[in-house]
file run.cif (mmCIF, C-alpha atoms)
data_input
loop_
_atom_site.group_PDB
_atom_site.id
_atom_site.type_symbol
_atom_site.label_atom_id
_atom_site.label_comp_id
_atom_site.auth_asym_id
_atom_site.auth_seq_id
_atom_site.Cartn_x
_atom_site.Cartn_y
_atom_site.Cartn_z
ATOM 1 C CA MET A 27 35.792 -47.485 26.450
ATOM 2 C CA PRO A 28 33.883 -47.504 23.136
ATOM 3 C CA SER A 29 35.507 -49.317 20.217
ATOM 4 C CA GLU A 30 37.426 -47.548 17.461
ATOM 5 C CA LYS A 31 34.563 -48.464 15.115
ATOM 6 C CA THR A 32 31.904 -46.981 17.416
ATOM 7 C CA MET A 33 33.843 -43.731 17.812
ATOM 8 C CA LYS A 34 34.523 -43.336 14.088
ATOM 9 C CA GLU A 35 30.876 -44.049 13.248
ATOM 10 C CA ALA A 36 29.807 -41.312 15.673
ATOM 11 C CA MET A 37 32.234 -38.873 13.990
ATOM 12 C CA GLN A 38 30.792 -39.747 10.575
ATOM 13 C CA ALA A 39 27.237 -39.418 11.940
ATOM 14 C CA TYR A 40 28.174 -35.915 13.090
ATOM 15 C CA ILE A 41 29.198 -34.928 9.556
ATOM 16 C CA ASP A 42 26.126 -36.586 8.033
ATOM 17 C CA GLY A 43 23.723 -35.065 10.587
ATOM 18 C CA PHE A 44 25.142 -31.615 9.955
ATOM 19 C CA ASN A 45 24.816 -31.973 6.199
ATOM 20 C CA ARG A 46 21.147 -32.954 6.372
ATOM 21 C CA SER A 47 20.518 -29.987 8.723
ATOM 22 C CA ASP A 48 19.551 -32.216 11.655
ATOM 23 C CA ALA A 49 20.612 -30.409 14.839
ATOM 24 C CA GLN A 50 18.676 -32.910 16.973
ATOM 25 C CA ALA A 51 20.619 -35.828 15.507
ATOM 26 C CA ILE A 52 23.904 -34.070 16.280
ATOM 27 C CA ALA A 53 22.787 -33.192 19.805
ATOM 28 C CA ALA A 54 21.843 -36.853 20.327
ATOM 29 C CA LEU A 55 25.495 -37.800 19.726
ATOM 30 C CA TYR A 56 26.468 -35.812 22.850
ATOM 31 C CA ALA A 57 26.304 -36.824 26.506
ATOM 32 C CA ASP A 58 23.951 -34.689 28.615
ATOM 33 C CA ASP A 59 26.865 -33.027 30.442
ATOM 34 C CA ALA A 60 29.076 -32.561 27.381
ATOM 35 C CA SER A 61 31.057 -29.453 26.465
ATOM 36 C CA VAL A 62 31.754 -27.840 23.086
ATOM 37 C CA GLU A 63 34.694 -25.455 22.595
ATOM 38 C CA ASP A 64 34.403 -24.086 19.052
ATOM 39 C CA PRO A 65 36.810 -22.559 18.269
ATOM 40 C CA VAL A 66 39.443 -23.705 20.783
ATOM 41 C CA GLY A 67 40.225 -20.612 22.841
ATOM 42 C CA SER A 68 36.589 -19.466 23.074
ATOM 43 C CA LYS A 69 34.206 -19.912 26.003
ATOM 44 C CA PRO A 70 32.933 -23.517 26.029
ATOM 45 C CA ARG A 71 29.234 -24.316 25.757
ATOM 46 C CA HIS A 72 27.919 -26.798 28.314
ATOM 47 C CA GLY A 73 24.978 -29.193 28.352
ATOM 48 C CA LYS A 74 22.483 -30.402 25.819
ATOM 49 C CA ALA A 75 20.392 -27.208 25.603
ATOM 50 C CA GLU A 76 23.346 -24.909 24.803
ATOM 51 C CA ILE A 77 24.810 -27.484 22.442
ATOM 52 C CA THR A 78 21.559 -27.983 20.545
ATOM 53 C CA LYS A 79 21.157 -24.216 20.155
ATOM 54 C CA PHE A 80 24.740 -23.942 18.880
ATOM 55 C CA TYR A 81 24.088 -26.504 16.137
ATOM 56 C CA GLU A 82 20.738 -24.980 15.204
ATOM 57 C CA MET A 83 22.543 -21.675 14.658
ATOM 58 C CA SER A 84 25.478 -23.278 12.830
ATOM 59 C CA ILE A 85 23.198 -25.222 10.502
ATOM 60 C CA ALA A 86 21.103 -22.105 9.829
ATOM 61 C CA THR A 87 24.154 -20.522 8.161
ATOM 62 C CA GLY A 88 23.812 -23.098 5.376
ATOM 63 C CA ALA A 89 27.301 -24.441 6.083
ATOM 64 C CA LYS A 90 28.182 -27.905 4.778
ATOM 65 C CA LEU A 91 31.001 -30.145 6.036
ATOM 66 C CA LYS A 92 33.354 -32.297 3.973
ATOM 67 C CA LEU A 93 36.072 -34.553 5.381
ATOM 68 C CA ALA A 94 39.543 -33.467 4.254
ATOM 69 C CA ALA A 95 41.109 -36.807 5.232
ATOM 70 C CA PRO A 96 39.906 -40.059 6.829
ATOM 71 C CA ILE A 97 38.727 -39.867 10.454
ATOM 72 C CA ARG A 98 41.441 -40.760 12.982
ATOM 73 C CA GLY A 99 40.861 -42.814 16.128
ATOM 74 C CA SER A 100 43.208 -43.199 19.076
ATOM 75 C CA HIS A 101 44.240 -45.783 21.665
ATOM 76 C CA GLY A 102 42.046 -44.004 24.219
ATOM 77 C CA ASN A 103 38.498 -42.599 24.377
ATOM 78 C CA ALA A 104 39.040 -39.992 21.657
ATOM 79 C CA ALA A 105 38.965 -39.456 17.913
ATOM 80 C CA ALA A 106 39.801 -36.581 15.569
ATOM 81 C CA MET A 107 38.940 -35.468 12.058
ATOM 82 C CA ALA A 108 40.020 -32.786 9.598
ATOM 83 C CA PHE A 109 37.266 -31.272 7.484
ATOM 84 C CA ASP A 110 36.382 -28.212 5.462
ATOM 85 C CA VAL A 111 33.308 -26.106 6.117
ATOM 86 C CA ALA A 112 31.812 -24.590 2.970
ATOM 87 C CA LEU A 113 29.855 -21.432 3.642
ATOM 88 C CA LYS A 114 28.094 -18.931 1.396
ATOM 89 C CA MET A 115 29.191 -15.384 2.280
ATOM 90 C CA PRO A 116 28.116 -12.019 0.839
ATOM 91 C CA GLU A 117 31.529 -11.795 -0.832
ATOM 92 C CA GLY A 118 31.438 -15.337 -2.250
ATOM 93 C CA GLN A 119 32.022 -18.897 -1.133
ATOM 94 C CA ALA A 120 34.119 -19.327 1.991
ATOM 95 C CA ILE A 121 35.953 -22.357 3.286
ATOM 96 C CA ILE A 122 36.892 -22.783 6.936
ATOM 97 C CA ARG A 123 39.482 -25.483 7.561
ATOM 98 C CA VAL A 124 38.824 -27.244 10.876
ATOM 99 C CA ILE A 125 40.039 -30.175 12.972
ATOM 100 C CA ASP A 126 37.558 -31.491 15.547
ATOM 101 C CA VAL A 127 38.685 -33.612 18.489
ATOM 102 C CA MET A 128 35.999 -35.534 20.365
ATOM 103 C CA THR A 129 36.302 -37.444 23.640
ATOM 104 C CA PHE A 130 33.783 -40.173 24.436
ATOM 105 C CA ASN A 131 32.060 -41.561 27.492
ATOM 106 C CA ASP A 132 31.571 -45.291 28.035
ATOM 107 C CA GLU A 133 28.207 -45.179 26.239
ATOM 108 C CA GLY A 134 29.902 -43.922 23.067
ATOM 109 C CA LYS A 135 28.518 -40.381 23.390
ATOM 110 C CA PHE A 136 30.714 -37.307 22.928
ATOM 111 C CA SER A 137 31.759 -35.964 26.329
ATOM 112 C CA SER A 138 33.652 -33.082 24.718
ATOM 113 C CA MET A 139 34.288 -31.521 21.354
ATOM 114 C CA ARG A 140 37.068 -29.054 20.617
ATOM 115 C CA ALA A 141 37.307 -27.389 17.191
ATOM 116 C CA TYR A 142 40.710 -26.157 16.021
ATOM 117 C CA TRP A 143 40.481 -23.308 13.522
ATOM 118 C CA ALA A 144 42.067 -19.882 13.449
ATOM 119 C CA PRO A 145 41.123 -16.644 11.682
ATOM 120 C CA GLY A 146 43.640 -17.574 8.969
ATOM 121 C CA ASP A 147 41.877 -20.885 8.360
ATOM 122 C CA MET A 148 38.984 -19.086 6.708
ATOM 123 C CA GLU A 149 39.408 -18.330 3.039
ATOM 124 C CA VAL A 150 37.055 -16.755 0.518
ATOM 125 C CA ILE A 151 37.485 -18.844 -2.581
ATOM 126 C CA GLY A 152 35.041 -17.591 -5.181
ATOM 127 C CA GLY A 153 32.851 -14.767 -6.390
ATOM 128 C CA GLN A 154 29.089 -14.614 -5.966
ATOM 129 C CA MET B 29 50.170 -16.365 23.492
ATOM 130 C CA PRO B 30 52.149 -17.002 20.298
ATOM 131 C CA SER B 31 50.633 -15.817 17.026
ATOM 132 C CA GLU B 32 48.787 -18.105 14.633
ATOM 133 C CA LYS B 33 51.721 -17.670 12.234
ATOM 134 C CA THR B 34 54.305 -18.664 14.862
ATOM 135 C CA MET B 35 52.344 -21.766 15.841
ATOM 136 C CA LYS B 36 51.766 -22.903 12.265
ATOM 137 C CA GLU B 37 55.431 -22.366 11.403
ATOM 138 C CA ALA B 38 56.424 -24.556 14.353
ATOM 139 C CA MET B 39 54.049 -27.284 13.139
ATOM 140 C CA GLN B 40 55.582 -27.112 9.651
ATOM 141 C CA ALA B 41 59.098 -27.150 11.161
ATOM 142 C CA TYR B 42 58.133 -30.350 12.969
ATOM 143 C CA ILE B 43 57.201 -32.041 9.673
ATOM 144 C CA ASP B 44 60.315 -30.719 7.943
ATOM 145 C CA GLY B 45 62.642 -31.687 10.806
ATOM 146 C CA PHE B 46 61.237 -35.192 10.860
ATOM 147 C CA ASN B 47 61.664 -35.601 7.111
ATOM 148 C CA ARG B 48 65.322 -34.573 7.208
ATOM 149 C CA SER B 49 65.875 -37.017 10.125
ATOM 150 C CA ASP B 50 66.772 -34.235 12.562
ATOM 151 C CA ALA B 51 65.605 -35.366 16.019
ATOM 152 C CA GLN B 52 67.490 -32.478 17.649
ATOM 153 C CA ALA B 53 65.602 -29.920 15.571
ATOM 154 C CA ILE B 54 62.293 -31.493 16.593
ATOM 155 C CA ALA B 55 63.294 -31.647 20.254
ATOM 156 C CA ALA B 56 64.232 -27.947 20.046
ATOM 157 C CA LEU B 57 60.614 -27.148 19.156
ATOM 158 C CA TYR B 58 59.553 -28.473 22.578
ATOM 159 C CA ALA B 59 59.593 -26.741 25.960
ATOM 160 C CA ASP B 60 61.868 -28.396 28.538
ATOM 161 C CA ASP B 61 58.907 -29.664 30.566
ATOM 162 C CA ALA B 62 56.783 -30.749 27.602
ATOM 163 C CA SER B 63 54.827 -33.980 27.277
ATOM 164 C CA VAL B 64 54.224 -36.252 24.289
ATOM 165 C CA GLU B 65 51.302 -38.704 24.197
ATOM 166 C CA ASP B 66 51.689 -40.751 21.004
ATOM 167 C CA PRO B 67 49.276 -42.428 20.491
ATOM 168 C CA VAL B 68 46.592 -40.786 22.643
ATOM 169 C CA GLY B 69 45.746 -43.398 25.264
ATOM 170 C CA SER B 70 49.374 -44.472 25.818
ATOM 171 C CA LYS B 71 51.663 -43.428 28.669
ATOM 172 C CA PRO B 72 52.947 -39.892 27.998
ATOM 173 C CA ARG B 73 56.651 -39.149 27.689
ATOM 174 C CA HIS B 74 57.906 -36.192 29.714
ATOM 175 C CA GLY B 75 60.832 -33.831 29.350
ATOM 176 C CA LYS B 76 63.423 -33.152 26.702
ATOM 177 C CA ALA B 77 65.509 -36.325 27.211
ATOM 178 C CA GLU B 78 62.573 -38.733 26.800
ATOM 179 C CA ILE B 79 61.174 -36.703 23.920
ATOM 180 C CA THR B 80 64.495 -36.582 22.062
ATOM 181 C CA LYS B 81 64.890 -40.346 22.451
ATOM 182 C CA PHE B 82 61.354 -40.893 21.154
ATOM 183 C CA TYR B 83 62.093 -38.939 17.965
ATOM 184 C CA GLU B 84 65.464 -40.610 17.464
ATOM 185 C CA MET B 85 63.663 -43.964 17.553
ATOM 186 C CA SER B 86 60.794 -42.770 15.343
ATOM 187 C CA ILE B 87 63.145 -41.335 12.736
ATOM 188 C CA ALA B 88 65.258 -44.512 12.766
ATOM 189 C CA THR B 89 62.254 -46.402 11.359
ATOM 190 C CA GLY B 90 62.684 -44.442 8.127
ATOM 191 C CA ALA B 91 59.176 -42.996 8.451
ATOM 192 C CA LYS B 92 58.332 -39.875 6.457
ATOM 193 C CA LEU B 93 55.491 -37.438 7.147
ATOM 194 C CA LYS B 94 53.202 -35.746 4.623
ATOM 195 C CA LEU B 95 50.454 -33.275 5.463
ATOM 196 C CA ALA B 96 47.012 -34.578 4.477
ATOM 197 C CA ALA B 97 45.431 -31.102 4.718
ATOM 198 C CA PRO B 98 46.596 -27.582 5.651
ATOM 199 C CA ILE B 99 47.663 -27.045 9.278
ATOM 200 C CA ARG B 100 44.871 -25.683 11.481
ATOM 201 C CA GLY B 101 45.366 -23.015 14.168
ATOM 202 C CA SER B 102 42.943 -22.047 16.911
ATOM 203 C CA HIS B 103 41.843 -19.004 18.899
ATOM 204 C CA GLY B 104 43.970 -20.219 21.815
ATOM 205 C CA ASN B 105 47.488 -21.553 22.372
ATOM 206 C CA ALA B 106 47.019 -24.651 20.211
ATOM 207 C CA ALA B 107 47.205 -25.940 16.651
ATOM 208 C CA ALA B 108 46.429 -29.233 14.915
ATOM 209 C CA MET B 109 47.387 -31.040 11.728
ATOM 210 C CA ALA B 110 46.382 -34.160 9.826
ATOM 211 C CA PHE B 111 49.186 -36.050 8.158
ATOM 212 C CA ASP B 112 50.118 -39.464 6.822
ATOM 213 C CA VAL B 113 53.171 -41.385 7.982
ATOM 214 C CA ALA B 114 54.743 -43.494 5.242
ATOM 215 C CA LEU B 115 56.684 -46.438 6.596
ATOM 216 C CA LYS B 116 58.503 -49.329 4.934
ATOM 217 C CA MET B 117 57.393 -52.638 6.481
ATOM 218 C CA PRO B 118 58.500 -56.224 5.783
ATOM 219 C CA GLU B 119 55.126 -56.775 4.102
ATOM 220 C CA GLY B 120 55.250 -53.610 2.010
ATOM 221 C CA GLN B 121 54.653 -49.889 2.367
ATOM 222 C CA ALA B 122 52.467 -48.863 5.279
ATOM 223 C CA ILE B 123 50.594 -45.635 5.881
ATOM 224 C CA ILE B 124 49.553 -44.482 9.339
ATOM 225 C CA ARG B 125 46.946 -41.723 9.330
ATOM 226 C CA VAL B 126 47.518 -39.323 12.236
ATOM 227 C CA ILE B 127 46.254 -36.032 13.667
ATOM 228 C CA ASP B 128 48.649 -34.221 15.995
ATOM 229 C CA VAL B 129 47.448 -31.547 18.411
ATOM 230 C CA MET B 130 50.077 -29.279 19.948
ATOM 231 C CA THR B 131 49.683 -26.752 22.758
ATOM 232 C CA PHE B 132 52.189 -23.923 23.055
ATOM 233 C CA ASN B 133 53.831 -21.927 25.815
ATOM 234 C CA ASP B 134 54.307 -18.164 25.594
ATOM 235 C CA GLU B 135 57.710 -18.624 23.962
ATOM 236 C CA GLY B 136 56.125 -20.491 21.062
ATOM 237 C CA LYS B 137 57.478 -23.893 22.140
ATOM 238 C CA PHE B 138 55.289 -27.011 22.243
ATOM 239 C CA SER B 139 54.144 -27.646 25.802
ATOM 240 C CA SER B 140 52.295 -30.794 24.759
ATOM 241 C CA MET B 141 51.751 -33.005 21.765
ATOM 242 C CA ARG B 142 48.971 -35.583 21.461
ATOM 243 C CA ALA B 143 48.854 -37.910 18.439
ATOM 244 C CA TYR B 144 45.478 -39.356 17.423
ATOM 245 C CA TRP B 145 45.765 -42.654 15.578
ATOM 246 C CA ALA B 146 44.181 -46.038 16.147
ATOM 247 C CA PRO B 147 45.175 -49.555 15.103
ATOM 248 C CA GLY B 148 42.734 -49.200 12.188
ATOM 249 C CA ASP B 149 44.519 -46.062 10.973
ATOM 250 C CA MET B 150 47.470 -48.155 9.804
ATOM 251 C CA GLU B 151 47.155 -49.642 6.356
ATOM 252 C CA VAL B 152 49.588 -51.679 4.268
ATOM 253 C CA ILE B 153 49.239 -50.253 0.795
ATOM 254 C CA GLY B 154 51.749 -52.023 -1.433
ATOM 255 C CA GLY B 155 53.984 -55.027 -1.977
ATOM 256 C CA GLN B 156 57.722 -55.072 -1.418
#

call {"tool": "encode", "arguments": {"input": "run.cif", "output": "C-alpha cells"}}
result
Amino acid sequence: MPSEKTMKEAMQAYIDGFNRSDAQAIAALYADDASVEDPVGSKPRHGKAEITKFYEMSIATGAKLKLAAPIRGSHGNAAAMAFDVALKMPEGQAIIRVIDVMTFNDEGKFSSMRAYWAPGDMEVIGGQ
Amino acid sequence: MPSEKTMKEAMQAYIDGFNRSDAQAIAALYADDASVEDPVGSKPRHGKAEITKFYEMSIATGAKLKLAAPIRGSHGNAAAMAFDVALKMPEGQAIIRVIDVMTFNDEGKFSSMRAYWAPGDMEVIGGQ
C-alpha cells in the first residue's frame, strides 16, 4: 500500500496538473487499467486512452480547480479531497463543488477515481 | 433513488444529530443492514446495533463536527461531505479532518458510510 504522503502528493499533483492544462501529466497519475466515474452515477470511463481524452476535454473548457479543504487520506489505499471547479459560462462564472475519491494500486497510481457532484452543486456566481 | 435534496438533508441531519449528542437520531438515518467503515481501511461495522454503539462511543468523546465545505451530492445514490472533528485531548484541542461518503437505499436511508481520514489528518491545534 502506498504511504499517506505518496497518496496525498498524487492528489495534489492532480490539481496542479489540471491547472497547468497538462492532461498527459494527469493521465500519468492513473494505472493503465484505471476507471473514472465523473460524476458518480454516470457511465465509468476505462483505461488510459479514454481517461486521457476525458481530461483533454475537461481542460479545454478552461476549468480551474481549487481545494476547498485539505486533502484527506485514509487507513487504506484511498484518499479524498473537496474542491471547487471554476468555469467560465456564457451566463457568467460558474462554480461546481466536487469531492473526488481516489483508490490507489501498490505503485501509487490511481486505480479508480469517483467524483461526487450533483446538478445542485453547480452555481453561477457572477455576471460576464 | 432518493432525490439530491433528500440525500443532502440526511447528511446535514447526521452532522446536527452528532452535535446534539443524539446517537439514536444518527442510527435512525441508517438502514438496518448498513455498514460503517471509519476510517476507510479498518474493519467495517455492520447493522444497527453495532452502528448505534459506535456513535454512542464517538459522541461520548465530546467531539463536535463542522462542515469544511458545502455537502456534495452525485448523479447516483450517494453523497459526500468534508468536515472537521473538534476534539478535546489531554494535550489540547485536536482537529481531525474527514470526508464521509454515504450511499443510500431507495428509502433515503444510509446503506453505507465510509470515512476518509489518515493519521496525518489529526492535528493538535492548541494548549489546554

call {"tool": "resolve_selection", "arguments": {"input": "run.cif", "expression": "the PyMOL selection byres ((chain A and resi 50) around 10)", "output": "PyMOL selection string"}}
result
chain A and resi 43-44+47-49+51-55+74+77-79+81-82

call {"tool": "interface_residues", "arguments": {"input": "run.cif", "of": "chain A", "to": "chain B", "cutoff": "6 Å", "atoms": "only C-alpha atoms", "output": "ChimeraX atom specification"}}
result
/A:66-67,98-102,142-144

call {"tool": "atom_distance", "arguments": {"input": "run.cif", "atom1": "atom CA of B:Glu119", "atom2": "atom CA of B:Val152"}}
result
7.5 Å

call {"tool": "calpha_fit_and_write", "arguments": {"input": "run.cif", "fixed": "chain B", "moving": "chain A", "output": "compact mmCIF listing (two decimals) with C-alpha atoms, in the frame of the given file"}}
result
# COMPACT_ATOMS: atom_id res chain seq x y z
CA MET A 27 50.14 -16.35 23.48
CA PRO A 28 52.15 -16.99 20.29
CA SER A 29 50.62 -15.81 17.02
CA GLU A 30 48.78 -18.10 14.62
CA LYS A 31 51.71 -17.67 12.23
CA THR A 32 54.29 -18.65 14.86
CA MET A 33 52.34 -21.76 15.84
CA LYS A 34 51.77 -22.90 12.26
CA GLU A 35 55.44 -22.36 11.40
CA ALA A 36 56.43 -24.55 14.36
CA MET A 37 54.04 -27.28 13.13
CA GLN A 38 55.59 -27.11 9.65
CA ALA A 39 59.10 -27.15 11.16
CA TYR A 40 58.12 -30.35 12.97
CA ILE A 41 57.20 -32.03 9.68
CA ASP A 42 60.32 -30.71 7.94
CA GLY A 43 62.64 -31.67 10.82
CA PHE A 44 61.23 -35.18 10.86
CA ASN A 45 61.67 -35.59 7.12
CA ARG A 46 65.34 -34.58 7.20
CA SER A 47 65.89 -37.01 10.12
CA ASP A 48 66.77 -34.23 12.56
CA ALA A 49 65.61 -35.36 16.01
CA GLN A 50 67.49 -32.48 17.66
CA ALA A 51 65.60 -29.92 15.57
CA ILE A 52 62.29 -31.50 16.59
CA ALA A 53 63.30 -31.64 20.25
CA ALA A 54 64.24 -27.95 20.05
CA LEU A 55 60.61 -27.15 19.16
CA TYR A 56 59.54 -28.47 22.59
CA ALA A 57 59.60 -26.74 25.97
CA ASP A 58 61.88 -28.40 28.54
CA ASP A 59 58.91 -29.67 30.58
CA ALA A 60 56.79 -30.75 27.61
CA SER A 61 54.83 -33.99 27.28
CA VAL A 62 54.23 -36.25 24.28
CA GLU A 63 51.30 -38.70 24.19
CA ASP A 64 51.69 -40.75 21.01
CA PRO A 65 49.30 -42.41 20.48
CA VAL A 66 46.60 -40.79 22.63
CA GLY A 67 45.75 -43.41 25.25
CA SER A 68 49.37 -44.47 25.81
CA LYS A 69 51.67 -43.44 28.66
CA PRO A 70 52.95 -39.90 28.00
CA ARG A 71 56.66 -39.15 27.68
CA HIS A 72 57.90 -36.20 29.72
CA GLY A 73 60.85 -33.84 29.36
CA LYS A 74 63.42 -33.16 26.71
CA ALA A 75 65.51 -36.32 27.20
CA GLU A 76 62.57 -38.75 26.80
CA ILE A 77 61.19 -36.71 23.92
CA THR A 78 64.49 -36.59 22.06
CA LYS A 79 64.90 -40.36 22.45
CA PHE A 80 61.35 -40.89 21.15
CA TYR A 81 62.09 -38.94 17.97
CA GLU A 82 65.46 -40.61 17.46
CA MET A 83 63.67 -43.96 17.54
CA SER A 84 60.79 -42.77 15.34
CA ILE A 85 63.14 -41.33 12.74
CA ALA A 86 65.25 -44.51 12.77
CA THR A 87 62.25 -46.41 11.37
CA GLY A 88 62.68 -44.45 8.13
CA ALA A 89 59.17 -43.00 8.45
CA LYS A 90 58.34 -39.87 6.45
CA LEU A 91 55.49 -37.43 7.14
CA LYS A 92 53.20 -35.75 4.62
CA LEU A 93 50.45 -33.27 5.46
CA ALA A 94 47.01 -34.57 4.48
CA ALA A 95 45.43 -31.11 4.71
CA PRO A 96 46.59 -27.60 5.66
CA ILE A 97 47.66 -27.05 9.28
CA ARG A 98 44.88 -25.67 11.49
CA GLY A 99 45.37 -23.02 14.17
CA SER A 100 42.94 -22.06 16.91
CA HIS A 101 41.84 -19.01 18.90
CA GLY A 102 43.95 -20.23 21.82
CA ASN A 103 47.49 -21.56 22.36
CA ALA A 104 47.02 -24.66 20.21
CA ALA A 105 47.20 -25.94 16.66
CA ALA A 106 46.43 -29.24 14.92
CA MET A 107 47.39 -31.03 11.73
CA ALA A 108 46.38 -34.16 9.83
CA PHE A 109 49.19 -36.06 8.15
CA ASP A 110 50.12 -39.46 6.81
CA VAL A 111 53.17 -41.38 7.97
CA ALA A 112 54.76 -43.50 5.24
CA LEU A 113 56.68 -46.45 6.59
CA LYS A 114 58.50 -49.34 4.95
CA MET A 115 57.37 -52.64 6.50
CA PRO A 116 58.48 -56.23 5.80
CA GLU A 117 55.12 -56.80 4.11
CA GLY A 118 55.26 -53.61 2.01
CA GLN A 119 54.65 -49.90 2.37
CA ALA A 120 52.46 -48.86 5.28
CA ILE A 121 50.60 -45.63 5.88
CA ILE A 122 49.56 -44.48 9.34
CA ARG A 123 46.96 -41.72 9.33
CA VAL A 124 47.52 -39.32 12.24
CA ILE A 125 46.25 -36.04 13.66
CA ASP A 126 48.66 -34.22 15.99
CA VAL A 127 47.45 -31.55 18.41
CA MET A 128 50.08 -29.28 19.94
CA THR A 129 49.69 -26.75 22.75
CA PHE A 130 52.19 -23.91 23.05
CA ASN A 131 53.83 -21.92 25.81
CA ASP A 132 54.31 -18.16 25.60
CA GLU A 133 57.72 -18.62 23.97
CA GLY A 134 56.12 -20.50 21.07
CA LYS A 135 57.49 -23.90 22.14
CA PHE A 136 55.30 -27.01 22.24
CA SER A 137 54.15 -27.64 25.81
CA SER A 138 52.30 -30.79 24.76
CA MET A 139 51.75 -33.00 21.76
CA ARG A 140 48.99 -35.58 21.46
CA ALA A 141 48.85 -37.90 18.43
CA TYR A 142 45.48 -39.36 17.44
CA TRP A 143 45.77 -42.65 15.57
CA ALA A 144 44.18 -46.03 16.15
CA PRO A 145 45.17 -49.55 15.10
CA GLY A 146 42.74 -49.20 12.18
CA ASP A 147 44.53 -46.07 10.97
CA MET A 148 47.46 -48.16 9.80
CA GLU A 149 47.14 -49.64 6.35
CA VAL A 150 49.57 -51.68 4.27
CA ILE A 151 49.23 -50.26 0.80
CA GLY A 152 51.75 -52.01 -1.42
CA GLY A 153 53.97 -55.01 -1.97
CA GLN A 154 57.72 -55.06 -1.41

call {"tool": "residues_around", "arguments": {"input": "run.cif", "residues": "A:Phe80", "least_positions_apart": "4", "cutoff": "9 Å", "atoms": "only C-alpha atoms", "output": "PyMOL selection string"}}
result
chain A and resi 49+71+75-76+84-85

call {"tool": "resolve_selection", "arguments": {"input": "run.cif", "expression": "the PyMOL selection byres ((chain B and resi 61) around 7)", "output": "list in words"}}
result
Ala59, Asp60, Ala62, Ser63, His74, Gly75 and Lys76 of chain B

call {"tool": "resolve_selection", "arguments": {"input": "run.cif", "expression": "the PyMOL selection byres ((chain A and resi 111-114) around 8)", "output": "list in words"}}
result
Thr87, Gly88, Ala89, Lys90, Leu91, Lys92, Phe109, Asp110, Met115, Pro116, Gly118, Gln119, Ala120, Ile121, Ile122, Arg123 and Val124 of chain A

call {"tool": "closest_residue", "arguments": {"input": "run.cif", "among": "A:Asp132, A:Arg46, A:Gly152, A:Ser138", "to": "A:Pro28", "atoms": "all atoms listed in the file"}}
result
A:Asp132

call {"tool": "atom_distance", "arguments": {"input": "run.cif", "atom1": "atom CA of A:Val62", "atom2": "atom CA of A:Phe136"}}
result
9.5 Å

call {"tool": "atom_distance", "arguments": {"input": "run.cif", "atom1": "atom CA of A:Thr129", "atom2": "atom CA of A:Gln38"}}
result
14.4 Å
